[in-house]
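A.B. asks: Take this structure, written in structure tokens, and hold onto it; I'll ask about it next.
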Amino acid sequence: MTLPDMHTAEPIPEAARAEIERLLQTGDLFRYTAASDAPVALLEAEFAALMGSKYALAVSSCSAALFLSLKALDLPRGARVLIPGFTFAAVPSSVVHAECTPVLCEVGDNYRIDLDDFEAKLAGDIKAVIISHMRGHTSDMDAIMKLCTAADIPVIEDAAHSLGTLWRGQKIGTLGKVGCFSFQSYKMVNAGEGGILITDDADLVARAIIMSGAYEHNWKKHPVLLEAFSRHQNKLPLYNLRLNNLSAALIRPQLDALAQRVRDGRRNHDYVADRLNRSPFIDVPAPLEGEERAPDSIQFNLVGLEDATIAAFARRAEAAGVKVQVFGQSADNARAFWNWQFIEDLPELPRTRAMLMRACDVRLPVRLSRAELDAVTDVLLNAIETVTADAQPAVA
Ligand SMILES: *Cc1c(COP(=O)(O)O)cnc(C)c1O
């Protein structure tokens, strides 16, 4: 079995082509040109319906959605925003962009937020929380929502890479005040770039819509109470973070395929996880009770190995055709908190650091066949066997 190409994207559904051709013919690319039913507006209506949310706002990236969410919360300059120490650099960046201060909390071996540290840090004058469901791993959202609700602190869900994940049957992204998703190429829905935020809060979404660049009376093309808009007219900056119609035309047909992709991704992930977990040197953390994942990659911890052996494992797997990224062991990794040097007084997080130094990340595109999954898993298991055999002390 030859190894699959793990890095290329998948074809965009045929259904997108006619609409893109129409947009090219008419040049109708700006979301606010058409009087009604622009592709971006239709995407917002469809995405809100899919998620069971009242409102959706499509924007240029998930980072833009996070930034606008913070802005729409009207936080004072310098407000402390609690985020996990294991996330993508875009998250602390969105906090800095919104002129707030990122506060990092520890993340455990199972890639979930350390609740003791979360609770302790929450008490430190925190004005908002961003929960990153990193690679789809869902922290204990019951405990998090309970703590934040009791303290009256708004929760923004960074569900960039978690579209389709459920927590106790509820869709991830609908638990907090705002949920943000990405349509960048490595996520479940691929438009190259793009993002969307969802919320049930009419006033919050009205503010976000205006700031996203609905200048003058373009907000009339959004289905939100007029009263909320007129209150904010001309009082908010316009950051122009809109999505264009071509991107929406790429995204809309992919939403129809989402349920199947989620099923395929979960089946593939769980199959590979079962095989990997049979190695004594590999641990794929189990989901929390109540979590149903929607993965297009797999993360696992290497158990009881020295840094040099971990590096040798990654080298061997890559030489055999499967790229393994050990989050903490590649220079410049954007998910290693010590590389976020744009944060003032960057703290040390010993638990998160220990996890990042032996947590591996492997892409697992949902399209892979069983035979391809076996070929990928064989490479990983062979690599671990080889390097652990070498590492064994010689016996007489
Ligand atoms: C990809 C990603 C982002 C950023 O999304 P963009 O659309 O590229 O801005 C943020 N958070 C997480 C967890 C991500 O995986």
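If you're wondering about the labels, chains in the structure tokens are A, B, ... by order shown, residues count from 1 in each chain, ligands from 1 in order shown.
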DSSP on the backbone: which residues in region 135-338 of chain A end up as strand (DSSP E)? Give the answer as a PDB file with N, CA, C and O atoms, in the first residue's frame.
C.D. replies:
```pdb
ATOM      1  N   VAL A 155     -17.994  33.997  27.737  1.00  0.00           N
ATOM      2  CA  VAL A 155     -17.135  32.980  27.137  1.00  0.00           C
ATOM      3  C   VAL A 155     -17.244  33.054  25.618  1.00  0.00           C
ATOM      4  O   VAL A 155     -18.342  33.020  25.061  1.00  0.00           O
ATOM      5  N   ILE A 156     -16.095  33.190  24.960  1.00  0.00           N
ATOM      6  CA  ILE A 156     -16.015  33.090  23.503  1.00  0.00           C
ATOM      7  C   ILE A 156     -15.442  31.712  23.198  1.00  0.00           C
ATOM      8  O   ILE A 156     -14.405  31.345  23.752  1.00  0.00           O
ATOM      9  N   GLU A 157     -16.103  30.943  22.358  1.00  0.00           N
ATOM     10  CA  GLU A 157     -15.567  29.646  21.970  1.00  0.00           C
ATOM     11  C   GLU A 157     -14.775  29.783  20.668  1.00  0.00           C
ATOM     12  O   GLU A 157     -15.328  30.203  19.660  1.00  0.00           O
ATOM     13  N   ASP A 158     -13.495  29.422  20.737  1.00  0.00           N
ATOM     14  CA  ASP A 158     -12.692  29.320  19.525  1.00  0.00           C
ATOM     15  C   ASP A 158     -12.872  27.891  19.019  1.00  0.00           C
ATOM     16  O   ASP A 158     -12.199  26.973  19.470  1.00  0.00           O
ATOM     17  N   LEU A 166     -19.519  17.657  19.241  1.00  0.00           N
ATOM     18  CA  LEU A 166     -20.650  17.814  20.162  1.00  0.00           C
ATOM     19  C   LEU A 166     -20.171  17.692  21.604  1.00  0.00           C
ATOM     20  O   LEU A 166     -19.236  16.948  21.903  1.00  0.00           O
ATOM     21  N   TRP A 167     -20.831  18.420  22.498  1.00  0.00           N
ATOM     22  CA  TRP A 167     -20.624  18.272  23.947  1.00  0.00           C
ATOM     23  C   TRP A 167     -21.991  17.993  24.562  1.00  0.00           C
ATOM     24  O   TRP A 167     -22.879  18.830  24.493  1.00  0.00           O
ATOM     25  N   GLN A 170     -24.836  18.897  22.477  1.00  0.00           N
ATOM     26  CA  GLN A 170     -24.914  20.284  22.003  1.00  0.00           C
ATOM     27  C   GLN A 170     -23.734  20.597  21.098  1.00  0.00           C
ATOM     28  O   GLN A 170     -22.615  20.124  21.331  1.00  0.00           O
ATOM     29  N   LYS A 171     -23.976  21.431  20.090  1.00  0.00           N
ATOM     30  CA  LYS A 171     -22.919  21.734  19.129  1.00  0.00           C
ATOM     31  C   LYS A 171     -21.878  22.662  19.759  1.00  0.00           C
ATOM     32  O   LYS A 171     -22.233  23.690  20.344  1.00  0.00           O
ATOM     33  N   VAL A 178     -20.455  33.580  22.275  1.00  0.00           N
ATOM     34  CA  VAL A 178     -20.122  33.632  20.850  1.00  0.00           C
ATOM     35  C   VAL A 178     -19.317  32.383  20.494  1.00  0.00           C
ATOM     36  O   VAL A 178     -18.510  31.926  21.295  1.00  0.00           O
ATOM     37  N   GLY A 179     -19.527  31.866  19.287  1.00  0.00           N
ATOM     38  CA  GLY A 179     -18.700  30.771  18.778  1.00  0.00           C
ATOM     39  C   GLY A 179     -18.053  31.208  17.478  1.00  0.00           C
ATOM     40  O   GLY A 179     -18.704  31.834  16.635  1.00  0.00           O
ATOM     41  N   CYS A 180     -16.747  30.911  17.312  1.00  0.00           N
ATOM     42  CA  CYS A 180     -16.002  31.348  16.121  1.00  0.00           C
ATOM     43  C   CYS A 180     -15.422  30.138  15.391  1.00  0.00           C
ATOM     44  O   CYS A 180     -14.857  29.240  16.028  1.00  0.00           O
ATOM     45  N   PHE A 181     -15.530  30.134  14.072  1.00  0.00           N
ATOM     46  CA  PHE A 181     -15.085  29.011  13.241  1.00  0.00           C
ATOM     47  C   PHE A 181     -14.199  29.524  12.110  1.00  0.00           C
ATOM     48  O   PHE A 181     -14.311  30.675  11.708  1.00  0.00           O
ATOM     49  N   SER A 182     -13.367  28.602  11.589  1.00  0.00           N
ATOM     50  CA  SER A 182     -12.463  28.956  10.493  1.00  0.00           C
ATOM     51  C   SER A 182     -12.803  28.162   9.236  1.00  0.00           C
ATOM     52  O   SER A 182     -13.170  26.989   9.319  1.00  0.00           O
ATOM     53  N   GLY A 195     -13.978  32.937   7.898  1.00  0.00           N
ATOM     54  CA  GLY A 195     -14.394  32.609   9.256  1.00  0.00           C
ATOM     55  C   GLY A 195     -15.837  33.019   9.461  1.00  0.00           C
ATOM     56  O   GLY A 195     -16.430  33.696   8.604  1.00  0.00           O
ATOM     57  N   ILE A 196     -16.389  32.606  10.589  1.00  0.00           N
ATOM     58  CA  ILE A 196     -17.774  32.979  10.878  1.00  0.00           C
ATOM     59  C   ILE A 196     -17.960  32.983  12.386  1.00  0.00           C
ATOM     60  O   ILE A 196     -17.311  32.200  13.091  1.00  0.00           O
ATOM     61  N   LEU A 197     -18.789  33.892  12.872  1.00  0.00           N
ATOM     62  CA  LEU A 197     -19.140  33.849  14.292  1.00  0.00           C
ATOM     63  C   LEU A 197     -20.637  33.667  14.429  1.00  0.00           C
ATOM     64  O   LEU A 197     -21.412  34.122  13.587  1.00  0.00           O
ATOM     65  N   ILE A 198     -21.034  32.964  15.483  1.00  0.00           N
ATOM     66  CA  ILE A 198     -22.458  32.740  15.756  1.00  0.00           C
ATOM     67  C   ILE A 198     -22.761  33.181  17.184  1.00  0.00           C
ATOM     68  O   ILE A 198     -21.905  33.094  18.072  1.00  0.00           O
ATOM     69  N   THR A 199     -23.977  33.663  17.386  1.00  0.00           N
ATOM     70  CA  THR A 199     -24.406  34.096  18.715  1.00  0.00           C
ATOM     71  C   THR A 199     -25.933  34.202  18.724  1.00  0.00           C
ATOM     72  O   THR A 199     -26.562  34.276  17.663  1.00  0.00           O
ATOM     73  N   ILE A 282       2.787   4.678  23.343  1.00  0.00           N
ATOM     74  CA  ILE A 282       1.884   5.673  22.761  1.00  0.00           C
ATOM     75  C   ILE A 282       0.587   5.727  23.564  1.00  0.00           C
ATOM     76  O   ILE A 282       0.025   4.686  23.918  1.00  0.00           O
ATOM     77  N   ASP A 283       0.148   6.940  23.846  1.00  0.00           N
ATOM     78  CA  ASP A 283      -1.136   7.109  24.529  1.00  0.00           C
ATOM     79  C   ASP A 283      -1.969   8.143  23.779  1.00  0.00           C
ATOM     80  O   ASP A 283      -1.578   9.305  23.660  1.00  0.00           O
ATOM     81  N   GLU A 291     -18.240  14.030  25.167  1.00  0.00           N
ATOM     82  CA  GLU A 291     -17.649  14.648  23.979  1.00  0.00           C
ATOM     83  C   GLU A 291     -17.740  13.700  22.783  1.00  0.00           C
ATOM     84  O   GLU A 291     -17.378  12.537  22.878  1.00  0.00           O
ATOM     85  N   GLU A 292     -18.251  14.207  21.671  1.00  0.00           N
ATOM     86  CA  GLU A 292     -18.202  13.446  20.414  1.00  0.00           C
ATOM     87  C   GLU A 292     -17.371  14.242  19.440  1.00  0.00           C
ATOM     88  O   GLU A 292     -17.726  15.339  19.028  1.00  0.00           O
ATOM     89  N   SER A 297      -7.404  15.004  12.254  1.00  0.00           N
ATOM     90  CA  SER A 297      -5.999  14.798  12.616  1.00  0.00           C
ATOM     91  C   SER A 297      -6.016  13.977  13.892  1.00  0.00           C
ATOM     92  O   SER A 297      -7.067  13.785  14.505  1.00  0.00           O
ATOM     93  N   ILE A 298      -4.834  13.464  14.278  1.00  0.00           N
ATOM     94  CA  ILE A 298      -4.780  12.714  15.531  1.00  0.00           C
ATOM     95  C   ILE A 298      -3.613  13.226  16.368  1.00  0.00           C
ATOM     96  O   ILE A 298      -2.566  13.587  15.812  1.00  0.00           O
ATOM     97  N   GLN A 299      -3.818  13.302  17.682  1.00  0.00           N
ATOM     98  CA  GLN A 299      -2.770  13.701  18.612  1.00  0.00           C
ATOM     99  C   GLN A 299      -2.551  12.547  19.588  1.00  0.00           C
ATOM    100  O   GLN A 299      -3.507  11.893  19.999  1.00  0.00           O
ATOM    101  N   PHE A 300      -1.287  12.325  19.904  1.00  0.00           N
ATOM    102  CA  PHE A 300      -0.988  11.280  20.882  1.00  0.00           C
ATOM    103  C   PHE A 300       0.274  11.651  21.644  1.00  0.00           C
ATOM    104  O   PHE A 300       1.119  12.407  21.154  1.00  0.00           O
ATOM    105  N   ASN A 301       0.385  11.106  22.867  1.00  0.00           N
ATOM    106  CA  ASN A 301       1.567  11.375  23.700  1.00  0.00           C
ATOM    107  C   ASN A 301       2.517  10.201  23.620  1.00  0.00           C
ATOM    108  O   ASN A 301       2.089   9.045  23.611  1.00  0.00           O
ATOM    109  N   LEU A 302       3.807  10.506  23.577  1.00  0.00           N
ATOM    110  CA  LEU A 302       4.815   9.464  23.690  1.00  0.00           C
ATOM    111  C   LEU A 302       5.127   9.296  25.176  1.00  0.00           C
ATOM    112  O   LEU A 302       5.291  10.279  25.895  1.00  0.00           O
ATOM    113  N   GLN A 325       4.452  16.001  13.827  1.00  0.00           N
ATOM    114  CA  GLN A 325       4.918  17.230  14.444  1.00  0.00           C
ATOM    115  C   GLN A 325       4.819  17.060  15.956  1.00  0.00           C
ATOM    116  O   GLN A 325       3.739  16.786  16.468  1.00  0.00           O
ATOM    117  N   VAL A 326       5.954  17.150  16.639  1.00  0.00           N
ATOM    118  CA  VAL A 326       5.916  17.170  18.101  1.00  0.00           C
ATOM    119  C   VAL A 326       5.816  18.647  18.461  1.00  0.00           C
ATOM    120  O   VAL A 326       6.736  19.412  18.186  1.00  0.00           O
TER     121      VAL A 326
END
```
A.B. asks: Where in region 182-239 of chain A does DSSP assign helix (DSSP H, G or I), given as a list in words?
C.D. replies: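 The residues of region 182-239 of chain A classed as helix (DSSP H, G or I) are Ala202, Asp203, Leu204, Val205, Ala206, Arg207, Ala208, Ile209, Ile210, Met211, Ser212, Gly213, Asn218, Trp219, Lys220, Lys221, Leu226, Glu227, Ala228, Phe229, Ser230, Arg231 and His232 of chain A.
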A.B. asks: Hey, can you spit out that residue selection with N, CA and C atoms as a CSV table (one decimal), in the first residue's frame?
C.D. replies:
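And here is the file that came out, part-v2.csv:
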```csv
chain,number,residue,atom,x,y,z
A,202,ALA,N,-28.5,39.7,20.1
A,202,ALA,CA,-28.8,40.6,19.0
A,202,ALA,C,-27.9,41.9,19.1
A,203,ASP,N,-27.7,42.4,20.3
A,203,ASP,CA,-26.9,43.6,20.4
A,203,ASP,C,-25.4,43.3,20.1
A,204,LEU,N,-24.9,42.2,20.6
A,204,LEU,CA,-23.5,41.8,20.3
A,204,LEU,C,-23.3,41.7,18.8
A,205,VAL,N,-24.2,40.9,18.1
A,205,VAL,CA,-24.0,40.7,16.7
A,205,VAL,C,-24.1,42.0,15.9
A,206,ALA,N,-25.0,42.9,16.3
A,206,ALA,CA,-25.2,44.2,15.6
A,206,ALA,C,-23.9,45.0,15.7
A,207,ARG,N,-23.3,45.0,16.9
A,207,ARG,CA,-22.0,45.7,17.0
A,207,ARG,C,-20.9,45.0,16.1
A,208,ALA,N,-20.9,43.7,16.1
A,208,ALA,CA,-19.9,43.0,15.3
A,208,ALA,C,-20.1,43.2,13.8
A,209,ILE,N,-21.4,43.2,13.4
A,209,ILE,CA,-21.7,43.4,12.0
A,209,ILE,C,-21.2,44.8,11.5
A,210,ILE,N,-21.5,45.8,12.3
A,210,ILE,CA,-21.1,47.2,12.0
A,210,ILE,C,-19.5,47.2,11.9
A,211,MET,N,-18.9,46.7,12.9
A,211,MET,CA,-17.4,46.8,13.0
A,211,MET,C,-16.7,45.9,11.9
A,212,SER,N,-17.5,44.9,11.4
A,212,SER,CA,-16.9,44.1,10.3
A,212,SER,C,-16.9,44.8,9.0
A,213,GLY,N,-17.6,46.0,9.0
A,213,GLY,CA,-17.5,46.8,7.8
A,213,GLY,C,-18.9,47.0,7.1
A,218,ASN,N,-25.6,49.4,5.2
A,218,ASN,CA,-25.5,48.0,4.8
A,218,ASN,C,-26.0,47.1,5.8
A,219,TRP,N,-26.1,47.5,7.1
A,219,TRP,CA,-26.6,46.6,8.1
A,219,TRP,C,-28.0,46.2,7.8
A,220,LYS,N,-28.7,46.9,7.0
A,220,LYS,CA,-30.1,46.5,6.7
A,220,LYS,C,-30.2,45.2,5.9
A,221,LYS,N,-29.0,44.8,5.4
A,221,LYS,CA,-29.0,43.5,4.7
A,221,LYS,C,-28.8,42.3,5.7
A,226,LEU,N,-33.7,46.0,14.0
A,226,LEU,CA,-33.2,47.3,13.5
A,226,LEU,C,-32.8,48.2,14.7
A,227,GLU,N,-33.5,48.0,15.8
A,227,GLU,CA,-33.3,48.8,17.0
A,227,GLU,C,-31.9,48.7,17.5
A,228,ALA,N,-31.3,47.5,17.4
A,228,ALA,CA,-29.9,47.2,17.9
A,228,ALA,C,-29.0,48.0,17.0
A,229,PHE,N,-29.2,48.0,15.7
A,229,PHE,CA,-28.3,48.7,14.7
A,229,PHE,C,-28.4,50.2,14.9
A,230,SER,N,-29.6,50.7,15.0
A,230,SER,CA,-29.6,52.2,15.0
A,230,SER,C,-29.0,52.8,16.2
A,231,ARG,N,-29.0,52.0,17.3
A,231,ARG,CA,-28.3,52.4,18.5
A,231,ARG,C,-26.8,52.6,18.3
A,232,HIS,N,-26.2,51.8,17.4
A,232,HIS,CA,-24.7,51.8,17.3
A,232,HIS,C,-24.2,52.6,16.0
```
A.B. asks: Can you work out which residues are within 7 Å of ligand 1, considering only C-alpha atoms and all ligand atoms, and then hand them over as a PyMOL selection string?
C.D. replies: chain A and resi 61-64+87-88+90-91+132-135+158-161+182-184+187+193-195
A.B. asks: Choose the residue, out of A:Leu68, A:Val262, A:Ile83, A:Ala48, that has the smallest atom-to-atom separation from Ser162 (chain A); count only C-alpha atoms.
C.D. replies: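 Smallest distance to Ser162 (chain A) is found for A:Val262.
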A.B. asks: Skipping near chain neighbours, those fewer than 3 positions away, what residues fall within 8 Å of region 16-21 of chain A using only C-alpha atoms, listed as a list in words?
C.D. replies: Ile12, Pro13, Leu24, Gln25, Leu246, Ala249, Leu250, Arg252 and Pro253 of chain A
A.B. asks: Find the residues near Leu288 (chain A): any atom within 12 Å, counting only C-alpha atoms, skip ones fewer than 4 places away on the same chain, and give them as a PyMOL selection string.
C.D. replies: chain A and resi 110-113+136-142+166-168+292-293
A.B. asks: Within 8 Å of Leu115 (chain A), counting only C-alpha atoms, which residues qualify if same-chain residues fewer than 4 places away don't, as a PDB file with N, CA, C and O atoms, in the first residue's frame?
C.D. replies:
```pdb
ATOM      1  N   GLU A 119      -9.684  27.907  37.294  1.00  0.00           N
ATOM      2  CA  GLU A 119     -10.482  28.534  38.354  1.00  0.00           C
ATOM      3  C   GLU A 119      -9.650  29.570  39.111  1.00  0.00           C
ATOM      4  O   GLU A 119     -10.131  30.671  39.408  1.00  0.00           O
ATOM      5  N   ALA A 143     -18.119  22.374  33.592  1.00  0.00           N
ATOM      6  CA  ALA A 143     -17.408  23.040  34.687  1.00  0.00           C
ATOM      7  C   ALA A 143     -17.041  24.471  34.282  1.00  0.00           C
ATOM      8  O   ALA A 143     -17.198  25.417  35.066  1.00  0.00           O
ATOM      9  N   ILE A 144     -16.574  24.641  33.039  1.00  0.00           N
ATOM     10  CA  ILE A 144     -16.136  25.973  32.588  1.00  0.00           C
ATOM     11  C   ILE A 144     -17.316  26.944  32.552  1.00  0.00           C
ATOM     12  O   ILE A 144     -17.230  28.074  33.051  1.00  0.00           O
TER      13      ILE A 144
END
```
A.B. asks: Contacts of Glu106 (chain A) at 10 Å or less, counting only C-alpha atoms, minus same-chain residues fewer than 3 places along, as a list in words?
C.D. replies: Ile83, Pro84, Gly85, Phe86, Tyr111, Arg112, Ile113, Asp114, Leu115, Asp116, Asp117, Phe118, Lys121, Glu348, Leu349, Pro350, Arg351, Thr352 and Arg353 of chain A
A.B. asks: Write out the residues from the selection above, keeping C-alpha atoms, as a PDB file, in the first residue's frame.
C.D. replies:
```
ATOM      1  CA  ILE A  83      -7.028  31.743  27.237  1.00  0.00           C
ATOM      2  CA  PRO A  84      -5.565  28.221  27.304  1.00  0.00           C
ATOM      3  CA  GLY A  85      -1.779  27.836  27.164  1.00  0.00           C
ATOM      4  CA  PHE A  86      -2.262  25.298  24.368  1.00  0.00           C
ATOM      5  CA  TYR A 111      -4.937  18.533  25.854  1.00  0.00           C
ATOM      6  CA  ARG A 112      -7.819  19.829  28.011  1.00  0.00           C
ATOM      7  CA  ILE A 113      -7.828  22.923  30.194  1.00  0.00           C
ATOM      8  CA  ASP A 114      -6.536  22.300  33.729  1.00  0.00           C
ATOM      9  CA  LEU A 115      -9.613  23.269  35.712  1.00  0.00           C
ATOM     10  CA  ASP A 116      -7.805  24.044  38.966  1.00  0.00           C
ATOM     11  CA  ASP A 117      -5.522  26.523  37.232  1.00  0.00           C
ATOM     12  CA  PHE A 118      -8.468  27.869  35.202  1.00  0.00           C
ATOM     13  CA  LYS A 121      -6.716  32.433  37.168  1.00  0.00           C
ATOM     14  CA  GLU A 348       5.911  29.732  32.395  1.00  0.00           C
ATOM     15  CA  LEU A 349       3.357  26.886  32.320  1.00  0.00           C
ATOM     16  CA  PRO A 350       5.212  23.738  33.445  1.00  0.00           C
ATOM     17  CA  ARG A 351       2.350  21.267  32.870  1.00  0.00           C
ATOM     18  CA  THR A 352       1.547  22.619  29.423  1.00  0.00           C
ATOM     19  CA  ARG A 353       5.228  22.651  28.490  1.00  0.00           C
TER      20      ARG A 353
END
```
A.B. asks: Identify which of the residues A:Arg363, A:Arg31, A:Lys54, A:His7 lies closest to Pro223 (chain A), counting only C-alpha atoms when measuring atom-to-atom distances.
C.D. replies: A:Lys54
A.B. asks: Taking 4 positions as the minimum chain separation for residues in the same chain, which residues sit within 9 Å of Ser369 (chain A) when counting only C-alpha atoms? Answer as a PDB file with N, CA and C atoms, in the first residue's frame.
C.D. replies:
```pdb
ATOM      1  N   ASN A 268     -12.303   7.199  11.240  1.00  0.00           N
ATOM      2  CA  ASN A 268     -10.872   7.058  10.927  1.00  0.00           C
ATOM      3  C   ASN A 268     -10.010   7.282  12.163  1.00  0.00           C
ATOM      4  N   LEU A 373      -5.247   4.197   6.014  1.00  0.00           N
ATOM      5  CA  LEU A 373      -5.085   4.409   7.457  1.00  0.00           C
ATOM      6  C   LEU A 373      -4.116   3.374   8.036  1.00  0.00           C
ATOM      7  N   ASP A 374      -4.246   2.125   7.561  1.00  0.00           N
ATOM      8  CA  ASP A 374      -3.345   1.076   8.034  1.00  0.00           C
ATOM      9  C   ASP A 374      -1.913   1.382   7.639  1.00  0.00           C
TER      10      ASP A 374
END
```
A.B. asks: Pick out the closest residue to Leu57 (chain A) from this set: A:Leu380, A:Asp345, A:Asp200, A:His217. Count only C-alpha atoms.
C.D. replies: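 Nearest candidate to Leu57 (chain A) out of A:Leu380, A:Asp345, A:Asp200, A:His217: A:Asp200.
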A.B. asks: Determine the nearest neighbour of Leu368 (chain A) from the options A:Val272, A:Val40, A:Ala317, A:Val303, counting only C-alpha atoms.
C.D. replies: A:Val272
